[in-house]
Amino acid sequence: MKLTGQTSLRASIDEVASRDPVLAGLVARVGPIRHRPRDPDGPFAALVRAIVFQQLAGRAAQAIYGRVRAAAGGPLTPQALNAVSDAELRTAGLSANKLASLRDLSIKVLDGTIVLSRTSRRSDEELIERLTTVRGIGRWTAEMYLMFQLRRLDIWPVDDLGVRQGYALAWKLDRPPAPKQLEPLGERFRPYRSIVARYCWAAVPLLRPAGTAVSLR
């Protein structure tokens with residue numbers, strides 16, 4: 001039988017569930033997760049979208065991203081974005097900082113500082129190190145790119161509040177672990193920590209006390 005992406009994901013879910021009864025119970029309640037759709041314009045557009053969406057509500061960010069994409073005249077590529085003037089991009093709704101970030105991203109992709117490929121052989125840490133040289137891309141943004149666009153299975157975003165909250169709820173901790181505390185807790189799930197992170201996100205709306213406000217990705 002030929003393994004598909006979803007088949008491989010299902011096998012990975014079964015594997016991590018077999019390692020911990022708490023996670024097994026969470027998987028049973030939530031059900032199997034699936035890969036999220038990749039950005040149809042490819043890896044570069046996914047990073048552009050990530051930068052545009054930073055610190056904005058979803059609907060406003062989506063509107064700005066749509067205008068940026070329209071200004072580029074089609075698929076978002078470094079070349080297409082470079083052909084759009086600063087004035088047009090500011091009119092689309094980009095702040096000065098986000099405009100500078102997108103320009104820096106385009107330059108680094110075009111000069112080969114960053115190579116965007118779904119089939120990159122670089123390690124997760126190598127890719128994160130390269131991506132975070134771009135203005136406006138921090139470790140969390142790079143981790144989300146690896147997890148959802150490249151579908152890397154061993155990303156453990158310890159700085160993510162939702163992951164920390166979900167872990168605390170699922171494993172019945174008094175409070176969410178600090179990033180340094182959460183880091184070693186993921187070791188037993190290597191090399192499938194991305195899956196555990198996604199079930200931690202799912203645990204928050206499932207297990208949180210009624211009326212408790214949370215911040216999730």
# chains A, B, ... in the order shown; residues from 1 in each chain; ligands from 1
$ residues_around --residues "Trp140 (chain A)" --least-positions-apart "6" --cutoff "12 Å" --atoms "only C-alpha atoms" --output "PyMOL selection string"
chain A and resi 50-51+54+128-129+131-132+146-147+155-161+163+217
$ write_last_selection --atoms "C-alpha atoms" --output "PDB file, in the first residue's frame"
ATOM      1  CA  ALA A  50       2.160  35.064   8.361  1.00  0.00           C
ATOM      2  CA  ILE A  51       3.776  38.507   8.486  1.00  0.00           C
ATOM      3  CA  GLN A  54       0.804  39.312  12.986  1.00  0.00           C
ATOM      4  CA  ILE A 128      14.274  28.214  11.845  1.00  0.00           C
ATOM      5  CA  GLU A 129      17.690  29.860  12.139  1.00  0.00           C
ATOM      6  CA  LEU A 131      13.948  32.201   8.664  1.00  0.00           C
ATOM      7  CA  THR A 132      14.494  34.244  11.804  1.00  0.00           C
ATOM      8  CA  LEU A 146       7.423  24.470   9.413  1.00  0.00           C
ATOM      9  CA  MET A 147       4.445  22.813  11.058  1.00  0.00           C
ATOM     10  CA  ILE A 155       7.919  20.994  16.020  1.00  0.00           C
ATOM     11  CA  TRP A 156       7.389  21.789  19.713  1.00  0.00           C
ATOM     12  CA  PRO A 157       6.347  25.468  20.042  1.00  0.00           C
ATOM     13  CA  VAL A 158       6.957  25.926  23.767  1.00  0.00           C
ATOM     14  CA  ASP A 159       6.351  29.689  23.602  1.00  0.00           C
ATOM     15  CA  ASP A 160       2.799  29.202  22.336  1.00  0.00           C
ATOM     16  CA  LEU A 161       0.275  30.027  25.054  1.00  0.00           C
ATOM     17  CA  VAL A 163       0.026  24.711  23.710  1.00  0.00           C
ATOM     18  CA  ARG A 217      -3.634  30.344  17.657  1.00  0.00           C
TER      19      ARG A 217
END
$ residues_around --residues "Leu99 (chain A)" --least-positions-apart "4" --cutoff "8 Å" --atoms "only C-alpha atoms" --output "PyMOL selection string"
chain A and resi 86+89-90+94-95+103
$ write_last_selection --atoms "N, CA and C atoms" --output "JSON list (two decimals), in the first residue's frame"
[["chain", "number", "residue", "atom", "x", "y", "z"],
["A", 86, "ASP", "N", 6.03, 50.74, -2.89],
["A", 86, "ASP", "CA", 5.76, 50.90, -1.47],
["A", 86, "ASP", "C", 4.42, 51.59, -1.24],
["A", 89, "LEU", "N", 1.53, 49.18, -1.58],
["A", 89, "LEU", "CA", 1.44, 48.25, -0.47],
["A", 89, "LEU", "C", 0.96, 48.94, 0.81],
["A", 90, "ARG", "N", 1.36, 50.18, 1.00],
["A", 90, "ARG", "CA", 0.85, 50.93, 2.15],
["A", 90, "ARG", "C", -0.64, 51.18, 2.00],
["A", 94, "LEU", "N", -0.69, 47.80, 4.68],
["A", 94, "LEU", "CA", 0.51, 47.38, 5.41],
["A", 94, "LEU", "C", 1.08, 48.52, 6.23],
["A", 95, "SER", "N", 1.50, 48.21, 7.44],
["A", 95, "SER", "CA", 2.22, 49.19, 8.24],
["A", 95, "SER", "C", 3.64, 49.34, 7.69],
["A", 103, "ARG", "N", 9.74, 43.36, 2.37],
["A", 103, "ARG", "CA", 10.87, 43.69, 1.48],
["A", 103, "ARG", "C", 12.10, 42.87, 1.85]]
$ residues_around --residues "Ala80 (chain A)" --least-positions-apart "4" --cutoff "10 Å" --atoms "only C-alpha atoms" --output "number ranges by chain"
A: 69, 71-76, 84, 106
$ residues_around --residues "Ser194 (chain A)" --least-positions-apart "2" --cutoff "8 Å" --atoms "only C-alpha atoms" --output "mmCIF file with N, CA, C and O atoms, in the first residue's frame"
data_model
loop_
_atom_site.group_PDB
_atom_site.id
_atom_site.type_symbol
_atom_site.label_atom_id
_atom_site.label_comp_id
_atom_site.auth_asym_id
_atom_site.auth_seq_id
_atom_site.Cartn_x
_atom_site.Cartn_y
_atom_site.Cartn_z
ATOM 1 N N MET A 147 5.486 23.758 10.675
ATOM 2 C CA MET A 147 4.445 22.813 11.058
ATOM 3 C C MET A 147 3.358 22.694 9.997
ATOM 4 O O MET A 147 2.944 21.578 9.641
ATOM 5 N N ARG A 152 6.239 19.590 8.904
ATOM 6 C CA ARG A 152 7.241 18.928 9.731
ATOM 7 C C ARG A 152 6.558 18.379 10.986
ATOM 8 O O ARG A 152 5.762 19.072 11.617
ATOM 9 N N LEU A 153 6.893 17.172 11.366
ATOM 10 C CA LEU A 153 6.163 16.482 12.426
ATOM 11 C C LEU A 153 6.760 16.636 13.813
ATOM 12 O O LEU A 153 6.158 16.179 14.791
ATOM 13 N N ASP A 154 7.928 17.267 13.943
ATOM 14 C CA ASP A 154 8.565 17.321 15.256
ATOM 15 C C ASP A 154 8.809 18.744 15.739
ATOM 16 O O ASP A 154 9.857 19.051 16.293
ATOM 17 N N ILE A 155 7.826 19.621 15.538
ATOM 18 C CA ILE A 155 7.919 20.994 16.020
ATOM 19 C C ILE A 155 7.238 21.076 17.387
ATOM 20 O O ILE A 155 6.116 20.618 17.565
ATOM 21 N N TRP A 156 7.907 21.698 18.343
ATOM 22 C CA TRP A 156 7.389 21.789 19.713
ATOM 23 C C TRP A 156 7.423 23.257 20.132
ATOM 24 O O TRP A 156 8.388 23.729 20.719
ATOM 25 N N TYR A 192 7.458 13.256 16.936
ATOM 26 C CA TYR A 192 6.101 13.623 16.522
ATOM 27 C C TYR A 192 5.503 14.706 17.421
ATOM 28 O O TYR A 192 4.308 14.706 17.713
ATOM 29 N N VAL A 196 1.456 16.361 19.067
ATOM 30 C CA VAL A 196 1.104 16.624 20.459
ATOM 31 C C VAL A 196 0.704 18.085 20.633
ATOM 32 O O VAL A 196 -0.273 18.398 21.332
ATOM 33 N N ALA A 197 1.430 18.996 19.996
ATOM 34 C CA ALA A 197 1.095 20.420 20.076
ATOM 35 C C ALA A 197 -0.311 20.679 19.556
ATOM 36 O O ALA A 197 -1.092 21.430 20.163
ATOM 37 N N ARG A 198 -0.676 20.037 18.468
ATOM 38 C CA ARG A 198 -2.006 20.263 17.911
ATOM 39 C C ARG A 198 -3.104 19.700 18.814
ATOM 40 O O ARG A 198 -4.183 20.286 18.933
#
$ closest_residue --among "A:Ala100, A:Val27, A:Val109, A:Ala45" --to "Ala170 (chain A)" --atoms "only C-alpha atoms"
A:Val27
$ closest_atom_pairs --of "region 144-188 of chain A" --to "region 7-26 of chain A" --cutoff "12 Å" --atoms "only C-alpha atoms" --output "JSON lines"
{"residue": "A:Arg151", "atom": "CA", "partner": "A:Leu9", "partner_atom": "CA", "distance": 9.7}
{"residue": "A:Arg152", "atom": "CA", "partner": "A:Leu9", "partner_atom": "CA", "distance": 10.6}
{"residue": "A:Leu153", "atom": "CA", "partner": "A:Ser12", "partner_atom": "CA", "distance": 8.5}
{"residue": "A:Asp154", "atom": "CA", "partner": "A:Ser12", "partner_atom": "CA", "distance": 10.6}
{"residue": "A:Gly166", "atom": "CA", "partner": "A:Leu26", "partner_atom": "CA", "distance": 10.6}
{"residue": "A:Tyr167", "atom": "CA", "partner": "A:Leu23", "partner_atom": "CA", "distance": 9.7}
{"residue": "A:Ala168", "atom": "CA", "partner": "A:Val22", "partner_atom": "CA", "distance": 11.4}
{"residue": "A:Leu169", "atom": "CA", "partner": "A:Val22", "partner_atom": "CA", "distance": 10.5}
{"residue": "A:Ala170", "atom": "CA", "partner": "A:Val22", "partner_atom": "CA", "distance": 6.8}
{"residue": "A:Trp171", "atom": "CA", "partner": "A:Val22", "partner_atom": "CA", "distance": 6.6}
{"residue": "A:Lys172", "atom": "CA", "partner": "A:Val22", "partner_atom": "CA", "distance": 9.7}
{"residue": "A:Leu185", "atom": "CA", "partner": "A:Asp20", "partner_atom": "CA", "distance": 11.7}
{"residue": "A:Gly186", "atom": "CA", "partner": "A:Val16", "partner_atom": "CA", "distance": 10.7}
{"residue": "A:Glu187", "atom": "CA", "partner": "A:Val16", "partner_atom": "CA", "distance": 11.3}
{"residue": "A:Arg188", "atom": "CA", "partner": "A:Arg19", "partner_atom": "CA", "distance": 7.7}
$ select_by_dssp --residues "region 21-78 of chain A" --states "helix (DSSP H, G or I)" --output "PyMOL selection string"
chain A and resi 21-30+43-53+58-72+78
$ write_last_selection --atoms "N, CA, C and O atoms" --output "short mmCIF file (atom, residue, chain, number, x, y, z; two decimals), in the first residue's frame"
data_model
loop_
_atom_site.label_atom_id
_atom_site.label_comp_id
_atom_site.auth_asym_id
_atom_site.auth_seq_id
_atom_site.Cartn_x
_atom_site.Cartn_y
_atom_site.Cartn_z
N PRO A 21 -1.10 7.55 28.20
CA PRO A 21 -2.55 7.33 28.32
C PRO A 21 -3.36 8.62 28.30
O PRO A 21 -4.50 8.63 27.82
N VAL A 22 -2.79 9.72 28.80
CA VAL A 22 -3.51 11.00 28.76
C VAL A 22 -3.70 11.43 27.31
O VAL A 22 -4.81 11.82 26.90
N LEU A 23 -2.63 11.34 26.54
CA LEU A 23 -2.74 11.73 25.13
C LEU A 23 -3.66 10.77 24.38
O LEU A 23 -4.44 11.21 23.52
N ALA A 24 -3.61 9.50 24.72
CA ALA A 24 -4.50 8.53 24.08
C ALA A 24 -5.96 8.91 24.33
O ALA A 24 -6.80 8.84 23.42
N GLY A 25 -6.27 9.33 25.56
CA GLY A 25 -7.63 9.75 25.86
C GLY A 25 -8.04 10.99 25.09
O GLY A 25 -9.17 11.11 24.62
N LEU A 26 -7.10 11.92 24.94
CA LEU A 26 -7.37 13.15 24.19
C LEU A 26 -7.60 12.85 22.72
O LEU A 26 -8.52 13.40 22.10
N VAL A 27 -6.78 11.97 22.16
CA VAL A 27 -6.96 11.58 20.76
C VAL A 27 -8.33 10.92 20.56
O VAL A 27 -9.03 11.19 19.58
N ALA A 28 -8.72 10.09 21.52
CA ALA A 28 -10.02 9.42 21.40
C ALA A 28 -11.17 10.43 21.42
O ALA A 28 -12.17 10.26 20.70
N ARG A 29 -11.04 11.48 22.21
CA ARG A 29 -12.12 12.48 22.31
C ARG A 29 -12.13 13.43 21.12
O ARG A 29 -13.20 13.81 20.63
N VAL A 30 -10.96 13.85 20.69
CA VAL A 30 -10.86 14.85 19.60
C VAL A 30 -11.02 14.19 18.24
O VAL A 30 -11.59 14.76 17.31
N PRO A 43 5.27 28.39 -0.58
CA PRO A 43 5.92 28.76 0.68
C PRO A 43 6.14 30.26 0.87
O PRO A 43 5.96 30.77 1.97
N PHE A 44 6.53 30.97 -0.18
CA PHE A 44 6.76 32.40 -0.03
C PHE A 44 5.48 33.11 0.39
O PHE A 44 5.48 33.93 1.31
N ALA A 45 4.39 32.79 -0.27
CA ALA A 45 3.11 33.42 0.07
C ALA A 45 2.69 33.08 1.49
O ALA A 45 2.10 33.90 2.19
N ALA A 46 3.00 31.87 1.93
CA ALA A 46 2.66 31.48 3.31
C ALA A 46 3.38 32.37 4.31
O ALA A 46 2.80 32.76 5.34
N LEU A 47 4.63 32.71 4.04
CA LEU A 47 5.37 33.59 4.94
C LEU A 47 4.87 35.03 4.86
O LEU A 47 4.80 35.73 5.87
N VAL A 48 4.51 35.47 3.66
CA VAL A 48 3.92 36.81 3.51
C VAL A 48 2.64 36.89 4.34
O VAL A 48 2.42 37.85 5.09
N ARG A 49 1.83 35.86 4.24
CA ARG A 49 0.57 35.83 4.99
C ARG A 49 0.84 35.85 6.50
O ARG A 49 0.16 36.56 7.25
N ALA A 50 1.83 35.11 6.94
CA ALA A 50 2.16 35.06 8.36
C ALA A 50 2.56 36.44 8.88
O ALA A 50 2.16 36.85 9.97
N ILE A 51 3.34 37.17 8.09
CA ILE A 51 3.78 38.51 8.49
C ILE A 51 2.58 39.46 8.52
O ILE A 51 2.40 40.24 9.46
N VAL A 52 1.74 39.40 7.49
CA VAL A 52 0.58 40.28 7.42
C VAL A 52 -0.35 40.05 8.61
O VAL A 52 -0.91 41.00 9.18
N PHE A 53 -0.52 38.80 9.02
CA PHE A 53 -1.47 38.46 10.06
C PHE A 53 -0.98 38.76 11.48
O PHE A 53 -1.78 38.71 12.42
N GLY A 58 -8.33 38.34 12.63
CA GLY A 58 -8.35 37.54 11.41
C GLY A 58 -9.01 38.21 10.22
O GLY A 58 -8.47 38.19 9.12
N ARG A 59 -10.17 38.83 10.42
CA ARG A 59 -10.90 39.41 9.29
C ARG A 59 -10.15 40.60 8.69
O ARG A 59 -10.04 40.73 7.47
N ALA A 60 -9.60 41.46 9.55
CA ALA A 60 -8.84 42.61 9.06
C ALA A 60 -7.58 42.15 8.35
O ALA A 60 -7.23 42.68 7.28
N ALA A 61 -6.89 41.17 8.93
CA ALA A 61 -5.66 40.67 8.32
C ALA A 61 -5.95 40.03 6.96
O ALA A 61 -5.19 40.22 6.00
N GLN A 62 -7.05 39.27 6.88
CA GLN A 62 -7.39 38.62 5.62
C GLN A 62 -7.69 39.65 4.53
O GLN A 62 -7.30 39.46 3.37
N ALA A 63 -8.34 40.75 4.91
CA ALA A 63 -8.63 41.79 3.93
C ALA A 63 -7.34 42.42 3.41
O ALA A 63 -7.19 42.65 2.20
N ILE A 64 -6.41 42.71 4.31
CA ILE A 64 -5.13 43.30 3.89
C ILE A 64 -4.36 42.33 3.01
O ILE A 64 -3.81 42.70 1.96
N TYR A 65 -4.31 41.06 3.43
CA TYR A 65 -3.60 40.06 2.64
C TYR A 65 -4.20 39.95 1.25
O TYR A 65 -3.48 39.85 0.24
N GLY A 66 -5.53 39.98 1.16
CA GLY A 66 -6.18 39.92 -0.15
C GLY A 66 -5.81 41.10 -1.04
O GLY A 66 -5.58 40.93 -2.25
N ARG A 67 -5.70 42.29 -0.43
CA ARG A 67 -5.32 43.47 -1.22
C ARG A 67 -3.86 43.39 -1.66
O ARG A 67 -3.51 43.82 -2.77
N VAL A 68 -3.00 42.86 -0.79
CA VAL A 68 -1.58 42.70 -1.17
C VAL A 68 -1.47 41.72 -2.33
O VAL A 68 -0.75 41.96 -3.30
N ARG A 69 -2.19 40.62 -2.23
CA ARG A 69 -2.15 39.62 -3.30
C ARG A 69 -2.70 40.20 -4.61
O ARG A 69 -2.15 39.94 -5.69
N ALA A 70 -3.77 40.99 -4.51
CA ALA A 70 -4.34 41.61 -5.71
C ALA A 70 -3.36 42.59 -6.33
O ALA A 70 -3.23 42.68 -7.56
N ALA A 71 -2.66 43.34 -5.48
CA ALA A 71 -1.68 44.30 -5.99
C ALA A 71 -0.54 43.62 -6.73
O ALA A 71 0.00 44.17 -7.69
N ALA A 72 -0.22 42.40 -6.29
CA ALA A 72 0.85 41.64 -6.96
C ALA A 72 0.38 41.07 -8.29
O ALA A 72 1.19 40.61 -9.09
N PRO A 78 8.39 36.51 -4.88
CA PRO A 78 9.27 37.65 -4.57
C PRO A 78 9.34 38.65 -5.71
O PRO A 78 9.34 39.87 -5.49
#
$ closest_residue --among "A:Met144, A:Leu81, A:Ile195, A:Leu116" --to "Gly42 (chain A)" --atoms "only C-alpha atoms"
A:Leu116
$ residues_around --residues "Gly136 (chain A)" --least-positions-apart "6" --cutoff "8 Å" --atoms "only C-alpha atoms" --output "list in words"
Ile51, Asn97, Lys98 and Ser101 of chain A
$ write_last_selection --atoms "all heavy atoms" --output "compact mmCIF listing (two decimals), in the first residue's frame"
# COMPACT_ATOMS: atom_id res chain seq x y z
N ILE A 51 3.34 37.17 8.09
CA ILE A 51 3.78 38.51 8.49
C ILE A 51 2.58 39.46 8.52
O ILE A 51 2.40 40.24 9.46
CB ILE A 51 4.86 39.02 7.54
CG1 ILE A 51 6.16 38.22 7.76
CG2 ILE A 51 5.12 40.51 7.75
CD1 ILE A 51 7.24 38.49 6.72
N ASN A 97 6.37 48.88 9.30
CA ASN A 97 7.17 47.75 9.77
C ASN A 97 6.92 46.49 8.96
O ASN A 97 7.86 45.76 8.61
CB ASN A 97 6.89 47.49 11.25
CG ASN A 97 7.55 48.50 12.16
OD1 ASN A 97 8.55 49.12 11.79
ND2 ASN A 97 7.02 48.66 13.37
N LYS A 98 5.66 46.22 8.66
CA LYS A 98 5.35 45.01 7.89
C LYS A 98 5.83 45.14 6.45
O LYS A 98 6.28 44.16 5.84
CB LYS A 98 3.85 44.71 7.95
CG LYS A 98 3.43 44.21 9.32
CD LYS A 98 1.99 43.78 9.37
CE LYS A 98 1.64 43.27 10.77
NZ LYS A 98 0.23 42.82 10.85
N SER A 101 9.39 44.33 6.53
CA SER A 101 9.57 42.88 6.70
C SER A 101 9.39 42.14 5.38
O SER A 101 10.18 41.25 5.04
CB SER A 101 8.57 42.34 7.72
OG SER A 101 8.83 42.86 9.00
$ atom_distance --atom1 "CA of Lys180 (chain A)" --atom2 "CA of Arg193 (chain A)"
15.6 Å
$ closest_residue --among "A:Leu150, A:Ala178, A:Leu102, A:Leu173" --to "Val134 (chain A)" --atoms "only C-alpha atoms"
A:Leu102
